[in-house]
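Okay, start.cif now, which holds mmCIF, C-alpha atoms:
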data_coords
#
loop_
_atom_site.label_atom_id
_atom_site.label_comp_id
_atom_site.auth_asym_id
_atom_site.auth_seq_id
_atom_site.Cartn_x
_atom_site.Cartn_y
_atom_site.Cartn_z
CA MET A 6 102.70 -88.01 -44.90
CA ALA A 7 102.07 -91.68 -45.35
CA LYS A 8 101.29 -92.22 -41.69
CA SER A 9 98.35 -89.87 -41.15
CA PRO A 10 95.93 -91.27 -43.76
CA ARG A 11 96.54 -94.73 -42.39
CA ASN A 12 95.60 -93.64 -38.88
CA ASN A 13 92.51 -91.82 -40.15
CA ASN A 14 91.24 -94.93 -41.87
CA LYS A 15 91.49 -96.98 -38.71
CA GLY A 16 89.58 -94.37 -36.73
CA TYR A 17 86.77 -94.36 -39.24
CA PHE A 18 86.31 -98.07 -38.88
CA LEU A 19 85.83 -97.83 -35.11
CA ILE A 20 83.55 -94.79 -35.23
CA GLU A 21 81.45 -96.27 -38.02
CA LEU A 22 80.95 -99.44 -36.02
CA MET A 23 80.00 -97.53 -32.87
CA ILE A 24 77.53 -95.33 -34.70
CA ALA A 25 75.98 -98.29 -36.45
CA ILE A 26 75.55 -100.21 -33.21
CA SER A 27 74.20 -97.18 -31.39
CA ILE A 28 71.59 -96.55 -34.07
CA LEU A 29 70.61 -100.20 -34.00
CA THR A 30 70.30 -100.17 -30.21
CA ILE A 31 68.24 -96.98 -30.13
CA GLY A 32 65.94 -98.32 -32.83
CA PHE A 33 65.60 -101.56 -30.97
CA MET A 34 64.82 -99.80 -27.68
CA GLY A 35 62.04 -97.81 -29.32
CA PHE A 36 60.44 -101.02 -30.45
CA LEU A 37 60.86 -102.56 -27.00
CA THR A 38 59.17 -99.61 -25.29
CA LEU A 39 56.21 -100.12 -27.59
CA VAL A 40 55.95 -103.77 -26.56
CA SER A 41 56.21 -102.84 -22.87
CA ARG A 42 53.37 -100.37 -23.34
CA SER A 43 50.99 -103.24 -24.02
CA ILE A 44 51.05 -104.38 -20.40
CA SER A 45 49.95 -101.02 -19.05
CA THR A 46 47.22 -100.89 -21.66
CA ASN A 47 45.98 -104.24 -20.41
CA ARG A 48 45.84 -102.91 -16.86
CA VAL A 49 43.70 -100.06 -18.08
CA ILE A 50 41.36 -102.58 -19.70
CA SER A 51 41.17 -104.52 -16.41
CA ASP A 52 40.09 -101.37 -14.61
CA TYR A 53 37.42 -100.67 -17.22
CA LEU A 54 36.09 -104.21 -16.89
CA THR A 55 35.84 -104.02 -13.10
CA ALA A 56 34.29 -100.54 -13.25
CA ASN A 57 31.70 -101.71 -15.76
CA TYR A 58 30.54 -104.52 -13.54
CA LEU A 59 30.44 -102.20 -10.52
CA ALA A 60 28.31 -99.74 -12.46
CA ALA A 61 26.00 -102.58 -13.54
CA GLU A 62 25.73 -103.55 -9.88
CA GLY A 63 24.45 -100.05 -9.08
CA ILE A 64 21.67 -100.39 -11.67
CA GLU A 65 20.72 -103.86 -10.45
CA LEU A 66 20.55 -102.71 -6.83
CA ILE A 67 18.02 -100.01 -7.75
CA LYS A 68 16.04 -102.48 -9.85
CA ASN A 69 16.09 -104.79 -6.83
CA THR A 70 14.76 -102.00 -4.62
CA ILE A 71 11.90 -101.32 -7.06
CA ASP A 72 11.03 -105.03 -7.30
CA THR A 73 11.11 -105.31 -3.51
CA ASN A 74 8.59 -102.49 -3.33
CA TYR A 75 6.26 -104.49 -5.57
CA PHE A 76 6.99 -107.59 -3.55
CA LYS A 77 5.92 -105.80 -0.37
CA GLY A 78 3.03 -103.93 -1.96
CA ASN A 79 4.64 -100.51 -1.52
CA LEU A 80 4.63 -97.66 -3.99
CA TRP A 81 7.12 -98.63 -6.70
CA TYR A 82 9.62 -95.87 -5.91
CA ASP A 83 9.07 -95.92 -2.17
CA ASN A 84 11.49 -97.45 0.25
CA ASN A 85 10.63 -95.80 3.53
CA GLY A 86 11.41 -92.55 1.79
CA ALA A 87 14.76 -93.81 0.58
CA LEU A 88 14.04 -93.37 -3.10
CA PRO A 89 13.07 -89.81 -4.06
CA PRO A 90 9.38 -89.07 -4.40
CA GLU A 91 8.27 -89.09 -7.98
CA SER A 92 7.96 -85.29 -7.91
CA GLN A 93 11.59 -84.79 -6.89
CA LEU A 94 13.51 -84.59 -10.12
CA ILE A 95 17.00 -85.56 -9.22
CA GLY A 96 19.04 -87.21 -6.50
CA ASP A 97 22.36 -88.98 -5.97
CA TYR A 98 22.38 -92.27 -4.10
CA GLU A 99 24.77 -94.84 -2.73
CA MET A 100 23.93 -98.47 -2.15
CA ASP A 101 26.08 -101.39 -1.05
CA TYR A 102 25.60 -104.97 -2.13
CA ASP A 103 24.39 -105.76 1.42
CA ASP A 104 22.24 -102.65 1.96
CA GLY A 105 18.49 -102.84 2.29
CA ALA A 106 17.87 -99.45 0.72
CA PRO A 107 19.81 -96.71 -1.07
CA THR A 108 21.17 -93.75 0.91
CA ASN A 109 20.68 -90.19 -0.32
CA VAL A 110 24.04 -88.48 -0.81
CA THR A 111 22.87 -85.59 -3.00
CA GLY A 112 25.35 -82.74 -2.95
CA LEU A 113 28.13 -84.83 -1.44
CA PRO A 114 31.27 -85.85 -3.35
CA ALA A 115 31.35 -89.44 -4.61
CA ASP A 116 32.72 -91.96 -2.12
CA PHE A 117 35.38 -94.54 -2.71
CA LEU A 118 34.52 -98.21 -2.76
CA TYR A 119 36.62 -100.36 -0.43
CA TYR A 120 37.60 -103.98 -0.99
CA LYS A 121 36.94 -106.10 2.07
CA ASP A 122 36.58 -109.88 2.47
CA GLY A 123 36.27 -110.28 -1.29
CA PHE A 124 33.60 -107.62 -1.81
CA TYR A 125 33.55 -103.97 -2.84
CA ASN A 126 31.51 -101.68 -0.59
CA TYR A 127 31.56 -98.27 1.06
CA ASP A 128 32.81 -99.66 4.38
CA ILE A 129 36.03 -97.76 5.00
CA SER A 130 37.53 -100.58 7.09
CA GLY A 131 38.50 -102.39 3.86
CA SER A 132 41.40 -101.54 1.58
CA ARG A 133 40.59 -98.60 -0.67
CA SER A 134 39.93 -99.43 -4.31
CA PRO A 135 40.47 -96.83 -7.03
CA PHE A 136 36.75 -96.74 -7.80
CA LYS A 137 34.04 -94.29 -6.75
CA ARG A 138 30.39 -94.95 -7.46
CA THR A 139 27.28 -92.78 -7.43
CA ILE A 140 23.81 -93.73 -8.58
CA ASN A 141 21.81 -90.82 -9.92
CA ILE A 142 18.04 -91.25 -9.95
CA SER A 143 15.79 -88.84 -11.81
CA TYR A 144 12.36 -88.65 -13.36
CA PRO A 145 12.57 -87.37 -16.91
CA GLY A 146 9.09 -85.90 -16.78
CA VAL A 147 7.01 -88.86 -17.88
CA ALA A 148 4.82 -90.26 -15.13
CA GLY A 149 5.89 -93.70 -13.98
CA GLN A 150 9.30 -93.53 -15.58
CA MET A 151 12.53 -93.49 -13.60
CA LYS A 152 15.96 -92.88 -15.05
CA VAL A 153 18.87 -94.53 -13.24
CA LYS A 154 22.41 -93.53 -14.07
CA SER A 155 25.19 -95.40 -12.35
CA THR A 156 28.57 -93.66 -12.56
CA VAL A 157 31.92 -95.19 -11.66
CA SER A 158 34.99 -92.96 -11.73
CA TRP A 159 38.62 -93.61 -10.99
CA ILE A 160 42.08 -92.23 -11.56
CA GLY A 161 43.73 -94.18 -14.37
CA ARG A 162 47.28 -95.46 -14.27
CA GLY A 163 48.48 -92.49 -16.25
CA GLY A 164 47.00 -90.14 -13.63
CA ASN A 165 44.04 -89.10 -15.78
CA ALA A 166 40.49 -89.15 -14.44
CA ILE A 167 38.28 -91.78 -16.08
CA GLU A 168 34.54 -92.01 -15.73
CA ILE A 169 32.09 -94.51 -17.11
CA TYR A 170 28.36 -94.58 -16.63
CA LEU A 171 25.49 -96.92 -17.38
CA GLU A 172 21.95 -95.72 -17.82
CA ASP A 173 18.68 -97.54 -17.55
CA TYR A 174 15.03 -96.63 -17.42
CA PHE A 175 12.59 -98.35 -15.10
CA PHE A 176 8.83 -98.11 -15.19
CA ASP A 177 5.94 -98.38 -12.80
CA TRP A 178 5.26 -101.78 -14.24
CA ARG A 179 6.59 -105.28 -14.02
CA MET B 25 108.37 -98.26 -48.04
CA LYS B 26 107.55 -101.87 -48.55
CA ASN B 27 107.13 -102.48 -44.84
CA GLU B 28 104.76 -99.54 -44.41
CA LYS B 29 102.49 -100.68 -47.22
CA LEU B 30 102.26 -104.09 -45.66
CA LYS B 31 101.24 -102.52 -42.34
CA ILE B 32 98.41 -100.54 -43.97
CA LYS B 33 96.90 -103.63 -45.50
CA ASN B 34 97.06 -105.48 -42.19
CA GLY B 35 94.17 -103.34 -40.82
CA PHE B 36 93.50 -103.11 -37.06
CA THR B 37 95.50 -104.05 -34.02
CA LEU B 38 94.54 -106.29 -31.13
CA ILE B 39 93.78 -103.29 -28.88
CA GLU B 40 91.33 -101.90 -31.43
CA LEU B 41 89.67 -105.26 -31.76
CA ILE B 42 89.25 -105.57 -27.98
CA ILE B 43 87.83 -102.07 -27.63
CA THR B 44 85.39 -102.57 -30.48
CA LEU B 45 84.28 -105.93 -29.16
CA GLY B 46 83.90 -104.45 -25.68
CA ILE B 47 81.63 -101.66 -26.88
CA PHE B 48 79.74 -104.10 -29.03
CA VAL B 49 79.17 -106.49 -26.12
CA ILE B 50 78.04 -103.73 -23.76
CA LEU B 51 75.53 -102.32 -26.24
CA ILE B 52 74.23 -105.72 -27.24
CA SER B 53 73.78 -106.81 -23.62
CA ILE B 54 71.74 -103.67 -22.94
CA ALA B 55 69.61 -104.44 -25.97
CA ILE B 56 69.17 -108.09 -25.00
CA GLY B 57 68.24 -107.11 -21.44
CA GLY B 58 65.55 -104.87 -22.82
CA PHE B 59 64.38 -107.56 -25.16
CA ILE B 60 64.06 -110.12 -22.36
CA ASN B 61 62.16 -107.56 -20.32
CA ALA B 62 59.83 -106.91 -23.22
CA LEU B 63 59.17 -110.62 -23.66
CA ARG B 64 58.31 -110.92 -19.97
CA ASN B 65 55.99 -107.93 -20.20
CA GLN B 66 54.38 -109.42 -23.25
CA ARG B 67 53.70 -112.67 -21.41
CA THR B 68 52.22 -110.76 -18.49
CA ALA B 69 50.02 -108.78 -20.84
CA VAL B 70 48.76 -111.95 -22.50
CA GLY B 71 48.17 -113.57 -19.09
CA LEU B 72 46.22 -110.56 -17.91
CA MET B 73 44.20 -110.62 -21.10
CA GLU B 74 43.34 -114.29 -20.52
CA ILE B 75 42.28 -113.49 -16.96
CA ASN B 76 39.98 -110.72 -18.18
CA ASP B 77 38.54 -112.82 -20.99
CA ASN B 78 37.75 -115.72 -18.68
CA MET B 79 36.39 -113.44 -16.03
CA SER B 80 33.98 -111.59 -18.30
CA LEU B 81 32.89 -114.84 -19.93
CA VAL B 82 32.10 -116.62 -16.68
CA LEU B 83 30.52 -113.59 -15.02
CA GLU B 84 28.37 -112.78 -18.04
CA GLN B 85 27.20 -116.37 -18.38
CA MET B 86 26.27 -116.60 -14.71
CA ALA B 87 24.62 -113.17 -14.68
CA ARG B 88 22.40 -113.96 -17.64
CA GLU B 89 21.27 -117.22 -16.13
CA ILE B 90 20.77 -115.81 -12.62
CA ARG B 91 18.74 -112.85 -13.90
CA LEU B 92 16.00 -115.23 -15.03
CA GLY B 93 16.67 -117.85 -12.37
CA TYR B 94 14.76 -118.61 -9.18
CA ASN B 95 14.89 -120.69 -5.99
CA PHE B 96 18.51 -119.97 -5.23
CA ILE B 97 20.54 -121.92 -2.72
CA SER B 98 23.96 -120.55 -1.87
CA ALA B 99 26.81 -122.24 -0.04
CA THR B 100 30.51 -121.44 0.24
CA GLY B 101 31.83 -121.22 -3.32
CA GLU B 102 28.66 -122.78 -4.70
CA LEU B 103 25.38 -121.50 -6.11
CA GLN B 104 22.39 -123.63 -7.08
CA PHE B 105 19.21 -122.46 -8.71
CA LYS B 106 16.62 -123.20 -11.35
CA ASN B 107 17.17 -121.41 -14.63
CA ALA B 108 14.51 -119.99 -16.93
CA LYS B 109 13.98 -123.42 -18.54
CA GLY B 110 13.41 -125.01 -15.13
CA ASP B 111 16.71 -126.93 -15.18
CA ASP B 112 18.65 -127.34 -11.96
CA VAL B 113 21.89 -125.42 -12.41
CA VAL B 114 24.91 -125.43 -10.14
CA TYR B 115 27.98 -123.21 -10.33
CA LYS B 116 30.82 -124.28 -8.10
CA LEU B 117 34.44 -123.43 -7.43
CA ASN B 118 36.49 -126.62 -7.75
CA LEU B 119 38.83 -127.02 -4.76
CA ASP B 120 39.31 -130.79 -5.07
CA GLY B 121 42.66 -132.50 -4.61
CA ASP B 122 46.04 -130.78 -4.76
CA ASP B 123 47.63 -128.47 -7.30
CA SER B 124 48.26 -131.36 -9.72
CA ASN B 125 44.53 -131.44 -10.42
CA PRO B 126 44.21 -129.32 -13.58
CA LYS B 127 40.59 -128.51 -12.76
CA LYS B 128 41.38 -127.14 -9.32
CA TYR B 129 40.52 -123.43 -8.94
CA SER B 130 38.22 -123.43 -11.95
CA ILE B 131 34.52 -122.62 -11.88
CA GLU B 132 32.42 -125.59 -12.90
CA LYS B 133 28.88 -125.85 -14.08
CA GLY B 134 26.45 -128.72 -13.90
CA ILE B 135 22.89 -129.09 -15.19
CA ASN B 136 20.30 -131.47 -13.75
CA GLY B 137 22.79 -133.48 -11.72
CA ALA B 138 25.15 -134.16 -14.66
CA PRO B 139 28.88 -134.24 -13.76
CA LEU B 140 30.32 -130.76 -13.34
CA ALA B 141 32.42 -129.41 -16.19
CA PRO B 142 34.80 -126.44 -15.94
CA ILE B 143 33.83 -123.24 -17.73
CA THR B 144 37.13 -121.44 -17.09
CA ALA B 145 40.49 -122.24 -18.71
CA GLU B 146 43.10 -124.43 -17.03
CA ASN B 147 45.64 -121.62 -16.76
CA ILE B 148 43.21 -119.44 -14.80
CA LYS B 149 43.23 -119.62 -11.04
CA ILE B 150 40.14 -118.37 -9.25
CA THR B 151 41.39 -117.74 -5.74
CA ASP B 152 38.03 -116.45 -4.49
CA PHE B 153 34.50 -117.09 -5.67
CA LYS B 154 32.17 -115.43 -3.21
CA ILE B 155 28.42 -115.46 -3.31
CA TYR B 156 26.26 -113.15 -1.28
CA ALA B 157 22.58 -114.00 -1.62
CA CYS B 158 19.67 -111.98 -0.29
CA GLY B 159 15.92 -112.14 -0.55
CA GLU B 160 12.95 -114.43 -0.49
CA ASN B 161 12.76 -117.22 -3.05
CA LEU B 162 9.63 -118.19 -4.99
CA ASP B 163 9.37 -121.28 -2.77
CA SER B 164 9.42 -118.90 0.26
CA THR B 165 12.85 -120.00 1.49
CA LEU B 166 14.99 -117.11 2.67
CA LEU B 167 18.47 -116.17 1.45
CA ALA B 168 19.68 -114.68 4.67
CA ASP B 169 23.06 -113.10 3.83
CA CYS B 170 21.72 -109.54 3.98
CA PRO B 171 20.82 -107.89 7.25
CA SER B 172 17.10 -108.32 7.87
CA PRO B 173 14.42 -107.72 6.65
CA ASN B 174 15.05 -110.57 4.24
CA ASN B 175 11.72 -110.56 2.45
CA ILE B 176 13.05 -108.68 -0.57
CA GLN B 177 13.32 -109.58 -4.24
CA PRO B 178 16.16 -112.15 -4.52
CA ARG B 179 19.50 -110.68 -5.51
CA ILE B 180 22.85 -112.37 -5.84
CA THR B 181 26.23 -110.66 -5.51
CA LEU B 182 29.08 -112.50 -7.19
CA SER B 183 32.70 -111.66 -6.50
CA LEU B 184 35.68 -113.20 -8.25
CA ARG B 185 39.39 -112.84 -7.61
CA ILE B 186 41.46 -114.25 -10.44
CA THR B 187 45.12 -114.81 -11.26
CA GLY B 188 47.11 -117.26 -13.39
CA LYS B 189 48.31 -120.81 -12.77
CA GLY B 190 50.08 -123.54 -14.73
CA LYS B 191 51.94 -121.92 -17.60
CA ASP B 192 50.65 -118.55 -16.42
CA ALA B 193 51.66 -119.05 -12.78
CA TYR B 194 54.36 -116.39 -13.09
CA ILE B 195 51.77 -113.61 -13.22
CA LYS B 196 50.71 -114.61 -9.73
CA THR B 197 54.26 -114.05 -8.52
CA LEU B 198 54.11 -110.62 -10.16
CA GLY B 199 51.01 -109.87 -8.10
CA VAL B 200 48.74 -109.70 -11.11
CA TYR B 201 45.26 -110.22 -9.72
CA ASN B 202 41.93 -108.92 -10.80
CA GLU B 203 39.00 -108.49 -8.47
CA ILE B 204 35.58 -108.14 -9.98
CA GLN B 205 32.13 -107.94 -8.51
CA THR B 206 28.62 -107.55 -9.73
CA THR B 207 25.10 -107.95 -8.40
CA ILE B 208 22.20 -109.49 -10.24
CA SER B 209 18.60 -108.98 -9.22
CA SER B 210 16.36 -111.88 -10.21
CA ARG B 211 13.54 -110.88 -12.54
CA GLN B 212 11.36 -113.84 -11.55
CA TYR B 213 8.35 -112.81 -9.55
#
Kindly transcribe the structure held in the file into structure tokens.
Amino acid sequence: MAKSPRNNNKGYFLIELMIAISILTIGFMGFLTLVSRSISTNRVISDYLTANYLAAEGIELIKNTIDTNYFKGNLWYDNNGALPPESQLIGDYEMDYDDGAPTNVTGLPADFLYYKDGFYNYDISGSRSPFKRTINISYPGVAGQMKVKSTVSWIGRGGNAIEIYLEDYFFDWR
Amino acid sequence: MKNEKLKIKNGFTLIELIITLGIFVILISIAIGGFINALRNQRTAVGLMEINDNMSLVLEQMAREIRLGYNFISATGELQFKNAKGDDVVYKLNLDGDDSNPKKYSIEKGINGAPLAPITAENIKITDFKIYACGENLDSTLLADCPSPNNIQPRITLSLRITGKGKDAYIKTLGVYNEIQTTISSRQY
């Protein structure tokens, strides 16, 4: 009779300690996972930053094409037929940083940008980046007004599709 | 009876102590391992954040100035032009000396021939600063990087590849790089 309660007491001590430590560890691990999450969040932010600048590049390239038309005395939207005529309402375009004029890719799926020799472009000999870019040009109905929408899309680190776009309006004026 | 009571008060045996300590040590080492890992991740996250901050700062500053700049001259890792105020501006990647030079791998800026001063932090390593310049300047000089015809409105493509150095050098060993690129079309006409 005297022996069994003694043994029980000892067992409790061990089990209590184990449970306490386990709870502590599990709680601790939860907190640690949260801290680890911050690195992946930062990677997501990096991607957004790069994508934003790539989208801005798309806008600038179209602006450059328009300014070149003025420079050469062409019609503002003309680039040997590369930009849509003002009557055509919508069109998707691709343009590299080293291209002379945008290429019409209306109806085609967006192409990946490749990273080669320190630059992103559509040249598939580089290493493929996660980003795809399309520049949509349209005329919202007002004469001499062009709407440029540069869209960059990529698959995020969690596997979800992310898309950002920048929009700008250009006019038959400078 | 007396003996038994004494035994009860004595508490646990050596075996129990060893087992408890063993479990304790195993659990604690798992927790500490996780904690060390979390600290490392935290440092990487902060390093990456610094990279991004520096990158957007330097790119935004250059883009704003280039947009209203004119008469560009580009060389390897170096861009010179006149800004909207008419000052001579130069942006250059510092590759002077060896790794003990704290300014090495930073982007520096100089105005009107004044000594260049870094505009990126010392723990940021810019491994690549590429400039691709196209178009015809106001002074009729040609920026001939693009395939001809070159008589277009000047546009500058900037590309940066950044990682950490100094106290942030470990993120380089982790392969944490960021590549960023943008193009700026000059508005000067």
Completion exercise
Atom pair atom CA of B:Tyr129 + atom CA of A:Ser51, distance 20.3 Å
Handout entry: Residue among A:Leu59, A:Leu39, A:Val110, A:Val153 lying closest to chain B, counting all atoms listed in the file
Key =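 So, comparing all the options, the nearest one is A:Leu59.
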Problem - Result set of the PyMOL selection byres ((chain A) within 8 of (chain B)) on the coordinates above, as a count of residues only - result: 43
Problem - Separation of atom CA of A:Tyr98 from atom CA of A:Leu171, in Å and rounded to one decimal - result: 14.4 Å
Handout entry: Contacts of B:Gly134 within 12 Å, all atoms listed in the file, excl. fewer than 3 positions in-chain, as a ChimeraX atom specification
Key = /B:102-107,111-118,131,137-143
Problem - Spatial neighbours of B:Asp123, 12 Å, only C-alpha atoms, chain gap at least 6 places, as JSON, numbers by chain - result: {"B": [129, 130, 146, 147, 149, 189, 190, 193]}
Handout entry: One-decimal distance in Å that lies between atom CA of A:Val157 and atom CA of A:Phe136
Key =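 One can read the atom CA of A:Phe136 to atom CA of A:Val157 distance as 6.4 Å.
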Around all the atoms of stretch 168-177 of chain A listed in the file, draw an axis-aligned box and extend it by 8 Å on each of the six sides; I want its centre and edge lengths in Å to one decimal, as lines of an AutoDock Vina configuration file.
center_x = 20.2
center_y = -95.2
center_z = -15.3
size_x = 44.6
size_y = 22.4
size_z = 21.0
Exercise for the section: Kindly extract all protein, DNA and RNA residues lying within 9 Å of the coordinates (37.6, -98.0, 2.2) given in the file, considering all atoms listed in the file, and supply them as a PyMOL selection string. Expected result: chain A and resi 116-121+125-134
Practice task
Could you check which of B:Leu167, B:Ile148, B:Ile90, B:Gln85 is closest to B:Lys191, using all atoms listed in the file?
Solution key: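 Using all atoms listed in the file, the shortest distance to B:Lys191 belongs to B:Ile148.
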Exercise for the section: Considering only C-alpha atoms, state which residue in the set A:Ala166, A:Gly96, A:Ile160, A:Ser155 is at the smallest distance from A:Asn57. Expected result: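 Nearest to A:Asn57: A:Ser155.
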Exercise for the section: Any chance you could resolve the PyMOL selection byres ((chain A and resi 156) around 7) against this file and give the residues as a list of chain:residue names? Expected result: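 This file gives the following for the PyMOL selection byres ((chain A and resi 156) around 7): A:Ala60, A:Arg138, A:Thr139, A:Ile140, A:Lys154, A:Ser155, A:Val157, A:Ser158, A:Glu168, A:Ile169, A:Tyr170, A:Leu171.
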Writing out the chosen residues with C-alpha atoms as a PDB file, keeping the file's coordinate frame:
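In the end it all went to result.pdb:
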ATOM      1  CA  ALA A  60      28.310 -99.740 -12.460  1.00  0.00           C
ATOM      2  CA  ARG A 138      30.390 -94.950  -7.460  1.00  0.00           C
ATOM      3  CA  THR A 139      27.280 -92.780  -7.430  1.00  0.00           C
ATOM      4  CA  ILE A 140      23.810 -93.730  -8.580  1.00  0.00           C
ATOM      5  CA  LYS A 154      22.410 -93.530 -14.070  1.00  0.00           C
ATOM      6  CA  SER A 155      25.190 -95.400 -12.350  1.00  0.00           C
ATOM      7  CA  VAL A 157      31.920 -95.190 -11.660  1.00  0.00           C
ATOM      8  CA  SER A 158      34.990 -92.960 -11.730  1.00  0.00           C
ATOM      9  CA  GLU A 168      34.540 -92.010 -15.730  1.00  0.00           C
ATOM     10  CA  ILE A 169      32.090 -94.510 -17.110  1.00  0.00           C
ATOM     11  CA  TYR A 170      28.360 -94.580 -16.630  1.00  0.00           C
ATOM     12  CA  LEU A 171      25.490 -96.920 -17.380  1.00  0.00           C
TER      13      LEU A 171
END
Fill in the blank from the handout: Across B:Asn161, B:Thr187, B:Thr197, B:Asn125, the smallest distance to B:Tyr94, with all atoms listed in the file counted, is shown by B:Asn161
Could you complete stretch 135-141 of chain A so that it carries all heavy atoms, and give it back as a compact mmCIF listing (two decimals), in the frame of the given file?
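What follows is the written file out.txt:
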# COMPACT_ATOMS: atom_id res chain seq x y z
N PRO A 135 40.41 -98.12 -6.32
CA PRO A 135 40.47 -96.83 -7.03
C PRO A 135 39.10 -96.28 -7.40
O PRO A 135 38.99 -95.16 -7.87
CB PRO A 135 41.30 -97.16 -8.28
CG PRO A 135 41.32 -98.63 -8.41
CD PRO A 135 40.97 -99.23 -7.09
N PHE A 136 38.05 -97.09 -7.21
CA PHE A 136 36.75 -96.74 -7.80
C PHE A 136 35.84 -95.95 -6.85
O PHE A 136 35.79 -96.21 -5.67
CB PHE A 136 36.03 -98.01 -8.25
CG PHE A 136 36.85 -98.85 -9.16
CD1 PHE A 136 37.45 -100.02 -8.71
CD2 PHE A 136 37.06 -98.46 -10.47
CE1 PHE A 136 38.22 -100.78 -9.54
CE2 PHE A 136 37.84 -99.23 -11.32
CZ PHE A 136 38.42 -100.39 -10.86
N LYS A 137 35.10 -95.01 -7.45
CA LYS A 137 34.04 -94.29 -6.75
C LYS A 137 32.75 -94.55 -7.51
O LYS A 137 32.77 -94.60 -8.73
CB LYS A 137 34.30 -92.78 -6.76
CG LYS A 137 35.48 -92.33 -5.96
CD LYS A 137 35.66 -90.83 -6.13
CE LYS A 137 36.80 -90.32 -5.28
NZ LYS A 137 37.00 -88.88 -5.48
N ARG A 138 31.64 -94.69 -6.76
CA ARG A 138 30.39 -94.95 -7.46
C ARG A 138 29.26 -94.08 -6.90
O ARG A 138 29.12 -93.94 -5.70
CB ARG A 138 29.98 -96.42 -7.34
CG ARG A 138 28.70 -96.73 -8.14
CD ARG A 138 28.34 -98.19 -8.09
NE ARG A 138 27.97 -98.60 -6.74
CZ ARG A 138 28.00 -99.86 -6.33
NH1 ARG A 138 28.39 -100.81 -7.14
NH2 ARG A 138 27.64 -100.17 -5.10
N THR A 139 28.49 -93.52 -7.80
CA THR A 139 27.28 -92.78 -7.43
C THR A 139 26.15 -93.23 -8.34
O THR A 139 26.38 -93.47 -9.53
CB THR A 139 27.45 -91.26 -7.65
OG1 THR A 139 28.75 -90.89 -7.26
CG2 THR A 139 26.44 -90.48 -6.86
N ILE A 140 24.98 -93.36 -7.78
CA ILE A 140 23.81 -93.73 -8.58
C ILE A 140 22.88 -92.52 -8.60
O ILE A 140 22.40 -92.09 -7.55
CB ILE A 140 23.10 -94.96 -7.99
CG1 ILE A 140 24.09 -96.11 -7.80
CG2 ILE A 140 21.95 -95.38 -8.89
CD1 ILE A 140 23.60 -97.19 -6.88
N ASN A 141 22.68 -91.99 -9.78
CA ASN A 141 21.81 -90.82 -9.92
C ASN A 141 20.43 -91.28 -10.37
O ASN A 141 20.29 -91.98 -11.37
CB ASN A 141 22.42 -89.85 -10.94
CG ASN A 141 21.57 -88.63 -11.13
OD1 ASN A 141 20.66 -88.64 -11.95
ND2 ASN A 141 21.86 -87.60 -10.37
